Amino acid sequence: RGGQAEKDIPFAKPGSLTRVYAVASGKGGVGKSSVTVNLAAALADSGLRVGVVDADIYGFSVPRMLGVEHRPTQVEDMILPPESHDVKVISIGMFVPGNQPVVWRGPMLHRALQQFLADVFWGDLDVLLLDLPPGTGDIAISVAQLVPGAEILVVTTPQQAAAEVAERAGAIALQTKQRVAGVIENMSWLELPDGARQEIFGSGGGRQVADSLTRSIGAPVELLGQIPLDVTLREGADSGTPVVLGAPDSPAAVALRGIAKAL
Ligand code: ADP
């Protein structure tokens, strides 16, 4: 820290007009990052000024999914975030040398998040999305400490086991007194050529998490939407053009746009 005073986090100031959403999941692989980048792209496409902090230390897949080609640049003591599809992005992956494994301890992650929020020149943002690591780790507490007004978005699959873990991730909000903005169910079904829906991962997980959080928090938590399994979503992630932009009429894109509108 070199004796330097920590900079203020603009999003934590009273009267900040930026809505901050921390995207959380109980488990990895449920589509948390895919949801984050698509919501970001959809919101930016609707004319909002949007930023994404990729704090998923295990995944950091956001830059690839958004097709970010540049690295952050430094101007004096501020970091300028690269931009893609009109979304400003900073990722923990941009600061990790090569493909080396990094052992992140809670305090390091807290410090990294603090820097991403305070030392990055975001400009005026309407929405900032934080892609958190899966689980109920220290980072959720850090978010609450650094940006108390951040709201939680919980991503789950329809599967019972996933939903139970997601409930725990969402229940952190009770401890930190944060608002849960809603639950998003991903991989809800696969639409077959005859129009029938095949529920590959079962059904009901999103509803279950929303109802359970409503009970435990004592305030209504809504299921904001269900996103089907969709090959165009995966292709969009691999090619760096989120499906909401690249294939806006696909089933996943329609669902994601609906969720972005509901935020
Ligand atoms: P997480 O951030 O929860 O670890 P990812 O967003 O990285 O999950 O998604 C895991 C994998 O599943 C990725 O390969 C992604 O492209 C794919 N995926 C996520 N959601 C869907 C979906 N609705 N349809 C098809 N593939 C999906």
# chains A, B, ... in the order shown; residues from 1 in each chain; ligands from 1
>>> closest_atom_pairs(of="segment 68-87 of chain A", to="segment 91-111 of chain A", cutoff="10 Å", atoms="only C-alpha atoms", output="JSON lines")
{"residue": "A:His70", "atom": "CA", "partner": "A:Met94", "partner_atom": "CA", "distance": 9.6}
{"residue": "A:Arg71", "atom": "CA", "partner": "A:Met94", "partner_atom": "CA", "distance": 6.8}
{"residue": "A:Pro72", "atom": "CA", "partner": "A:Met94", "partner_atom": "CA", "distance": 7.6}
{"residue": "A:Pro81", "atom": "CA", "partner": "A:Ser91", "partner_atom": "CA", "distance": 9.1}
{"residue": "A:Pro82", "atom": "CA", "partner": "A:Ser91", "partner_atom": "CA", "distance": 9.9}
>>> residues_around(residues="segment 245-250 of chain A", least_positions_apart="4", cutoff="8 Å", atoms="only C-alpha atoms", output="list in words")
Ala41, Ala42, Asp230, Thr232, Gly236, Thr241 and Val254 of chain A
>>> write_last_selection(atoms="N, CA and C atoms", output="mmCIF file, in the first residue's frame")
data_model
loop_
_atom_site.group_PDB
_atom_site.id
_atom_site.type_symbol
_atom_site.label_atom_id
_atom_site.label_comp_id
_atom_site.auth_asym_id
_atom_site.auth_seq_id
_atom_site.Cartn_x
_atom_site.Cartn_y
_atom_site.Cartn_z
ATOM 1 N N ALA A 41 -24.232 -6.521 -22.358
ATOM 2 C CA ALA A 41 -24.347 -6.149 -23.774
ATOM 3 C C ALA A 41 -25.758 -5.657 -24.094
ATOM 4 N N ALA A 42 -26.770 -6.306 -23.527
ATOM 5 C CA ALA A 42 -28.155 -5.902 -23.794
ATOM 6 C C ALA A 42 -28.425 -4.515 -23.214
ATOM 7 N N ASP A 230 -29.076 -23.161 -25.441
ATOM 8 C CA ASP A 230 -29.134 -22.619 -26.791
ATOM 9 C C ASP A 230 -27.725 -22.609 -27.361
ATOM 10 N N THR A 232 -26.569 -21.117 -29.828
ATOM 11 C CA THR A 232 -26.091 -19.787 -30.256
ATOM 12 C C THR A 232 -25.497 -19.010 -29.077
ATOM 13 N N GLY A 236 -21.797 -17.669 -29.296
ATOM 14 C CA GLY A 236 -21.553 -16.241 -29.077
ATOM 15 C C GLY A 236 -20.459 -16.010 -28.054
ATOM 16 N N THR A 241 -18.926 -12.368 -29.371
ATOM 17 C CA THR A 241 -20.092 -11.526 -29.642
ATOM 18 C C THR A 241 -21.279 -12.107 -28.881
ATOM 19 N N VAL A 254 -33.687 -13.787 -26.561
ATOM 20 C CA VAL A 254 -34.985 -13.203 -26.221
ATOM 21 C C VAL A 254 -35.173 -13.222 -24.705
#
>>> residues_near_ligand(ligand="ligand 1", cutoff="8 Å", atoms="only C-alpha atoms and all ligand atoms", output="MDAnalysis selection string")
chainID A and resid 25 27:36 56 59 61 131 133:134 155 186:188 227:238 252
>>> closest_residue(among="A:Arg168, A:Lys177, A:Lys261, A:Lys88", to="Leu130 of chain A", atoms="only C-alpha atoms")
A:Lys88
>>> select_by_dssp(residues="segment 132-214 of chain A", states="alpha helix (DSSP H)", output="PyMOL selection string")
chain A and resi 138-146+160-176+205-214
>>> write_last_selection(atoms="N, CA and C atoms", output="short mmCIF file (atom, residue, chain, number, x, y, z; two decimals), in the first residue's frame")
data_model
loop_
_atom_site.label_atom_id
_atom_site.label_comp_id
_atom_site.auth_asym_id
_atom_site.auth_seq_id
_atom_site.Cartn_x
_atom_site.Cartn_y
_atom_site.Cartn_z
N ASP A 138 -15.51 -15.18 0.76
CA ASP A 138 -15.21 -13.86 1.31
C ASP A 138 -15.61 -12.72 0.39
N ILE A 139 -15.54 -13.01 -0.91
CA ILE A 139 -15.72 -11.92 -1.87
C ILE A 139 -17.10 -11.28 -1.76
N ALA A 140 -18.10 -12.09 -1.42
CA ALA A 140 -19.45 -11.54 -1.28
C ALA A 140 -19.48 -10.53 -0.13
N ILE A 141 -18.74 -10.86 0.92
CA ILE A 141 -18.65 -9.95 2.07
C ILE A 141 -17.89 -8.68 1.65
N SER A 142 -16.82 -8.89 0.86
CA SER A 142 -16.05 -7.73 0.38
C SER A 142 -16.94 -6.79 -0.42
N VAL A 143 -17.74 -7.35 -1.31
CA VAL A 143 -18.63 -6.51 -2.12
C VAL A 143 -19.52 -5.68 -1.21
N ALA A 144 -20.08 -6.35 -0.19
CA ALA A 144 -20.99 -5.65 0.71
C ALA A 144 -20.28 -4.53 1.47
N GLN A 145 -19.01 -4.79 1.82
CA GLN A 145 -18.26 -3.75 2.53
C GLN A 145 -17.89 -2.59 1.62
N LEU A 146 -17.49 -2.93 0.38
CA LEU A 146 -16.99 -1.89 -0.52
C LEU A 146 -18.12 -1.09 -1.16
N GLN A 160 -32.18 -29.40 -8.72
CA GLN A 160 -32.38 -29.33 -7.26
C GLN A 160 -31.08 -29.02 -6.52
N ALA A 161 -30.04 -29.81 -6.80
CA ALA A 161 -28.79 -29.67 -6.06
C ALA A 161 -28.19 -28.28 -6.27
N ALA A 162 -28.26 -27.80 -7.52
CA ALA A 162 -27.71 -26.47 -7.82
C ALA A 162 -28.50 -25.41 -7.09
N ALA A 163 -29.81 -25.60 -7.04
CA ALA A 163 -30.66 -24.60 -6.42
C ALA A 163 -30.36 -24.46 -4.93
N GLU A 164 -30.10 -25.58 -4.30
CA GLU A 164 -29.83 -25.53 -2.86
C GLU A 164 -28.55 -24.73 -2.58
N VAL A 165 -27.54 -24.93 -3.43
CA VAL A 165 -26.30 -24.17 -3.22
C VAL A 165 -26.53 -22.70 -3.53
N ALA A 166 -27.33 -22.44 -4.54
CA ALA A 166 -27.61 -21.04 -4.91
C ALA A 166 -28.36 -20.32 -3.80
N GLU A 167 -29.23 -21.06 -3.11
CA GLU A 167 -29.95 -20.45 -1.99
C GLU A 167 -28.97 -19.95 -0.95
N ARG A 168 -27.95 -20.76 -0.70
CA ARG A 168 -26.96 -20.36 0.30
C ARG A 168 -26.22 -19.09 -0.16
N ALA A 169 -25.88 -19.06 -1.46
CA ALA A 169 -25.18 -17.88 -1.99
C ALA A 169 -26.06 -16.65 -1.82
N GLY A 170 -27.35 -16.80 -2.09
CA GLY A 170 -28.26 -15.67 -1.98
C GLY A 170 -28.50 -15.26 -0.54
N ALA A 171 -28.44 -16.24 0.36
CA ALA A 171 -28.75 -15.96 1.76
C ALA A 171 -27.69 -15.08 2.42
N ILE A 172 -26.50 -15.00 1.81
CA ILE A 172 -25.47 -14.08 2.29
C ILE A 172 -26.06 -12.67 2.37
N ALA A 173 -26.96 -12.37 1.44
CA ALA A 173 -27.55 -11.03 1.38
C ALA A 173 -28.26 -10.69 2.68
N LEU A 174 -28.76 -11.71 3.32
CA LEU A 174 -29.46 -11.48 4.59
C LEU A 174 -28.47 -10.95 5.63
N GLN A 175 -27.29 -11.60 5.65
CA GLN A 175 -26.27 -11.17 6.60
C GLN A 175 -25.75 -9.78 6.28
N THR A 176 -25.55 -9.51 4.98
CA THR A 176 -24.93 -8.25 4.59
C THR A 176 -25.98 -7.16 4.39
N GLY A 205 -35.78 -25.23 -10.26
CA GLY A 205 -34.69 -24.69 -9.43
C GLY A 205 -34.80 -23.18 -9.21
N GLY A 206 -35.07 -22.46 -10.28
CA GLY A 206 -35.15 -20.99 -10.17
C GLY A 206 -36.28 -20.56 -9.26
N ARG A 207 -37.44 -21.18 -9.45
CA ARG A 207 -38.61 -20.87 -8.61
C ARG A 207 -38.30 -21.19 -7.15
N GLN A 208 -37.65 -22.35 -6.96
CA GLN A 208 -37.33 -22.78 -5.59
C GLN A 208 -36.41 -21.76 -4.90
N VAL A 209 -35.39 -21.30 -5.62
CA VAL A 209 -34.45 -20.33 -5.01
C VAL A 209 -35.17 -19.03 -4.71
N ALA A 210 -36.01 -18.58 -5.65
CA ALA A 210 -36.72 -17.30 -5.44
C ALA A 210 -37.65 -17.41 -4.23
N ASP A 211 -38.38 -18.51 -4.13
CA ASP A 211 -39.32 -18.67 -3.01
C ASP A 211 -38.58 -18.79 -1.69
N SER A 212 -37.50 -19.56 -1.71
CA SER A 212 -36.75 -19.77 -0.48
C SER A 212 -36.12 -18.46 0.01
N LEU A 213 -35.59 -17.67 -0.93
CA LEU A 213 -34.98 -16.39 -0.52
C LEU A 213 -36.06 -15.41 -0.06
N THR A 214 -37.21 -15.46 -0.68
CA THR A 214 -38.32 -14.61 -0.24
C THR A 214 -38.64 -14.90 1.22
#
>>> atom_distance(atom1="atom CA of Val180 of chain A", atom2="atom CA of Val154 of chain A")
7.8 Å
>>> closest_residue(among="A:Gly202, A:Gly149, A:Gly182, A:Pro10", to="Ile259 of chain A", atoms="only C-alpha atoms")
A:Gly182
>>> atom_distance(atom1="atom CA of Ile184 of chain A", atom2="atom CA of Ile90 of chain A")
23.4 Å
>>> closest_residue(among="A:Ala260, A:Leu224, A:Met78, A:Val62", to="Leu117 of chain A", atoms="only C-alpha atoms")
A:Met78
>>> select_by_dssp(residues="segment 9-214 of chain A", states="strand (DSSP E)", output="VMD selection string")
chain A and resid 19 to 25 50 to 54 73 to 75 78 to 80 83 to 84 87 to 91 127 to 131 151 to 156 180 to 191 197 to 198
>>> write_last_selection(atoms="N, CA and C atoms", output="short mmCIF file (atom, residue, chain, number, x, y, z; two decimals), in the first residue's frame")
data_model
loop_
_atom_site.label_atom_id
_atom_site.label_comp_id
_atom_site.auth_asym_id
_atom_site.auth_seq_id
_atom_site.Cartn_x
_atom_site.Cartn_y
_atom_site.Cartn_z
N ARG A 19 -26.28 1.84 -10.73
CA ARG A 19 -26.81 0.62 -10.09
C ARG A 19 -25.75 -0.47 -10.20
N VAL A 20 -25.42 -1.05 -9.07
CA VAL A 20 -24.38 -2.08 -9.05
C VAL A 20 -25.03 -3.43 -8.76
N TYR A 21 -24.79 -4.39 -9.65
CA TYR A 21 -25.31 -5.74 -9.46
C TYR A 21 -24.16 -6.71 -9.30
N ALA A 22 -24.17 -7.47 -8.22
CA ALA A 22 -23.20 -8.54 -8.05
C ALA A 22 -23.86 -9.84 -8.51
N VAL A 23 -23.29 -10.46 -9.54
CA VAL A 23 -23.89 -11.67 -10.08
C VAL A 23 -23.25 -12.86 -9.37
N ALA A 24 -24.08 -13.63 -8.67
CA ALA A 24 -23.57 -14.71 -7.82
C ALA A 24 -24.19 -16.03 -8.24
N SER A 25 -23.48 -17.11 -7.92
CA SER A 25 -24.04 -18.45 -8.13
C SER A 25 -23.49 -19.34 -7.04
N VAL A 50 -22.42 1.09 -19.44
CA VAL A 50 -22.30 -0.16 -18.68
C VAL A 50 -20.83 -0.55 -18.47
N GLY A 51 -20.53 -1.03 -17.28
CA GLY A 51 -19.22 -1.58 -16.99
C GLY A 51 -19.35 -2.97 -16.38
N VAL A 52 -18.31 -3.78 -16.59
CA VAL A 52 -18.28 -5.11 -15.97
C VAL A 52 -16.96 -5.31 -15.25
N VAL A 53 -17.03 -5.74 -14.00
CA VAL A 53 -15.84 -6.17 -13.26
C VAL A 53 -15.87 -7.69 -13.20
N ASP A 54 -14.86 -8.31 -13.79
CA ASP A 54 -14.76 -9.77 -13.76
C ASP A 54 -13.90 -10.14 -12.56
N THR A 73 -5.01 0.33 -19.99
CA THR A 73 -3.86 1.23 -20.06
C THR A 73 -3.86 2.07 -18.79
N GLN A 74 -2.69 2.60 -18.51
CA GLN A 74 -2.58 3.40 -17.29
C GLN A 74 -2.34 4.85 -17.64
N VAL A 75 -3.13 5.75 -17.07
CA VAL A 75 -2.91 7.18 -17.24
C VAL A 75 -2.77 7.76 -15.84
N MET A 78 -4.58 6.28 -12.73
CA MET A 78 -5.84 5.61 -13.04
C MET A 78 -5.64 4.54 -14.11
N ILE A 79 -6.46 3.52 -14.05
CA ILE A 79 -6.44 2.46 -15.05
C ILE A 79 -7.61 2.69 -16.00
N LEU A 80 -7.32 2.73 -17.30
CA LEU A 80 -8.40 2.88 -18.28
C LEU A 80 -8.85 1.51 -18.74
N GLU A 83 -12.67 -1.55 -23.85
CA GLU A 83 -14.10 -1.54 -24.12
C GLU A 83 -14.39 -2.45 -25.29
N SER A 84 -15.51 -3.14 -25.23
CA SER A 84 -15.95 -3.95 -26.37
C SER A 84 -17.47 -3.98 -26.36
N VAL A 87 -19.17 -1.91 -23.85
CA VAL A 87 -19.11 -2.27 -22.43
C VAL A 87 -17.67 -2.11 -21.96
N LYS A 88 -17.47 -1.38 -20.86
CA LYS A 88 -16.14 -1.24 -20.28
C LYS A 88 -15.87 -2.46 -19.40
N VAL A 89 -14.69 -3.04 -19.55
CA VAL A 89 -14.42 -4.30 -18.86
C VAL A 89 -13.08 -4.27 -18.13
N ILE A 90 -13.09 -4.73 -16.89
CA ILE A 90 -11.82 -4.98 -16.22
C ILE A 90 -11.90 -6.39 -15.65
N SER A 91 -10.82 -7.14 -15.81
CA SER A 91 -10.85 -8.53 -15.39
C SER A 91 -9.62 -8.86 -14.58
N VAL A 127 -24.91 1.38 -15.09
CA VAL A 127 -24.96 0.04 -14.50
C VAL A 127 -23.54 -0.53 -14.42
N LEU A 128 -23.21 -1.11 -13.29
CA LEU A 128 -21.96 -1.86 -13.15
C LEU A 128 -22.30 -3.28 -12.70
N LEU A 129 -21.83 -4.25 -13.47
CA LEU A 129 -22.07 -5.66 -13.13
C LEU A 129 -20.78 -6.27 -12.60
N LEU A 130 -20.87 -6.98 -11.49
CA LEU A 130 -19.71 -7.67 -10.93
C LEU A 130 -19.90 -9.16 -11.10
N ASP A 131 -19.00 -9.80 -11.83
CA ASP A 131 -19.07 -11.26 -11.98
C ASP A 131 -18.25 -11.88 -10.84
N GLU A 151 -26.66 -4.71 -5.37
CA GLU A 151 -27.75 -5.69 -5.29
C GLU A 151 -27.24 -7.02 -5.84
N ILE A 152 -27.86 -8.10 -5.36
CA ILE A 152 -27.39 -9.43 -5.75
C ILE A 152 -28.32 -10.03 -6.81
N LEU A 153 -27.71 -10.57 -7.85
CA LEU A 153 -28.45 -11.36 -8.84
C LEU A 153 -27.97 -12.80 -8.69
N VAL A 154 -28.88 -13.72 -8.47
CA VAL A 154 -28.49 -15.11 -8.25
C VAL A 154 -28.79 -15.92 -9.51
N VAL A 155 -27.77 -16.61 -10.02
CA VAL A 155 -27.95 -17.47 -11.19
C VAL A 155 -27.93 -18.93 -10.75
N THR A 156 -28.91 -19.69 -11.22
CA THR A 156 -28.95 -21.12 -10.90
C THR A 156 -29.40 -21.90 -12.13
N VAL A 180 -31.66 -8.45 -2.80
CA VAL A 180 -31.53 -9.44 -3.88
C VAL A 180 -32.42 -8.97 -5.03
N ALA A 181 -31.79 -8.62 -6.14
CA ALA A 181 -32.54 -8.04 -7.27
C ALA A 181 -33.35 -9.11 -7.98
N GLY A 182 -33.00 -10.37 -7.80
CA GLY A 182 -33.78 -11.42 -8.41
C GLY A 182 -32.96 -12.66 -8.70
N VAL A 183 -33.67 -13.68 -9.17
CA VAL A 183 -33.06 -14.96 -9.50
C VAL A 183 -33.20 -15.18 -11.00
N ILE A 184 -32.16 -15.72 -11.60
CA ILE A 184 -32.18 -16.05 -13.02
C ILE A 184 -31.91 -17.54 -13.17
N GLU A 185 -32.82 -18.23 -13.84
CA GLU A 185 -32.61 -19.66 -14.09
C GLU A 185 -32.03 -19.82 -15.49
N ASN A 186 -30.91 -20.52 -15.58
CA ASN A 186 -30.25 -20.75 -16.88
C ASN A 186 -30.26 -22.23 -17.19
N MET A 187 -30.18 -22.54 -18.47
CA MET A 187 -30.17 -23.93 -18.95
C MET A 187 -31.51 -24.60 -18.63
N SER A 188 -32.59 -23.83 -18.72
CA SER A 188 -33.90 -24.29 -18.24
C SER A 188 -34.45 -25.45 -19.06
N TRP A 189 -34.28 -25.41 -20.36
CA TRP A 189 -34.74 -26.51 -21.21
C TRP A 189 -34.06 -26.40 -22.56
N LEU A 190 -34.22 -27.42 -23.36
CA LEU A 190 -33.75 -27.41 -24.75
C LEU A 190 -34.98 -27.50 -25.63
N GLU A 191 -35.09 -26.57 -26.54
CA GLU A 191 -36.24 -26.61 -27.44
C GLU A 191 -35.94 -27.58 -28.58
N ARG A 197 -40.28 -28.95 -25.24
CA ARG A 197 -39.17 -28.56 -24.38
C ARG A 197 -38.64 -29.77 -23.63
N GLN A 198 -37.37 -30.03 -23.82
CA GLN A 198 -36.75 -31.12 -23.07
C GLN A 198 -36.02 -30.52 -21.87
#
>>> closest_residue(among="A:Ile57, A:Leu17, A:Leu263, A:Ala255", to="Gly123 of chain A", atoms="only C-alpha atoms")
A:Leu17
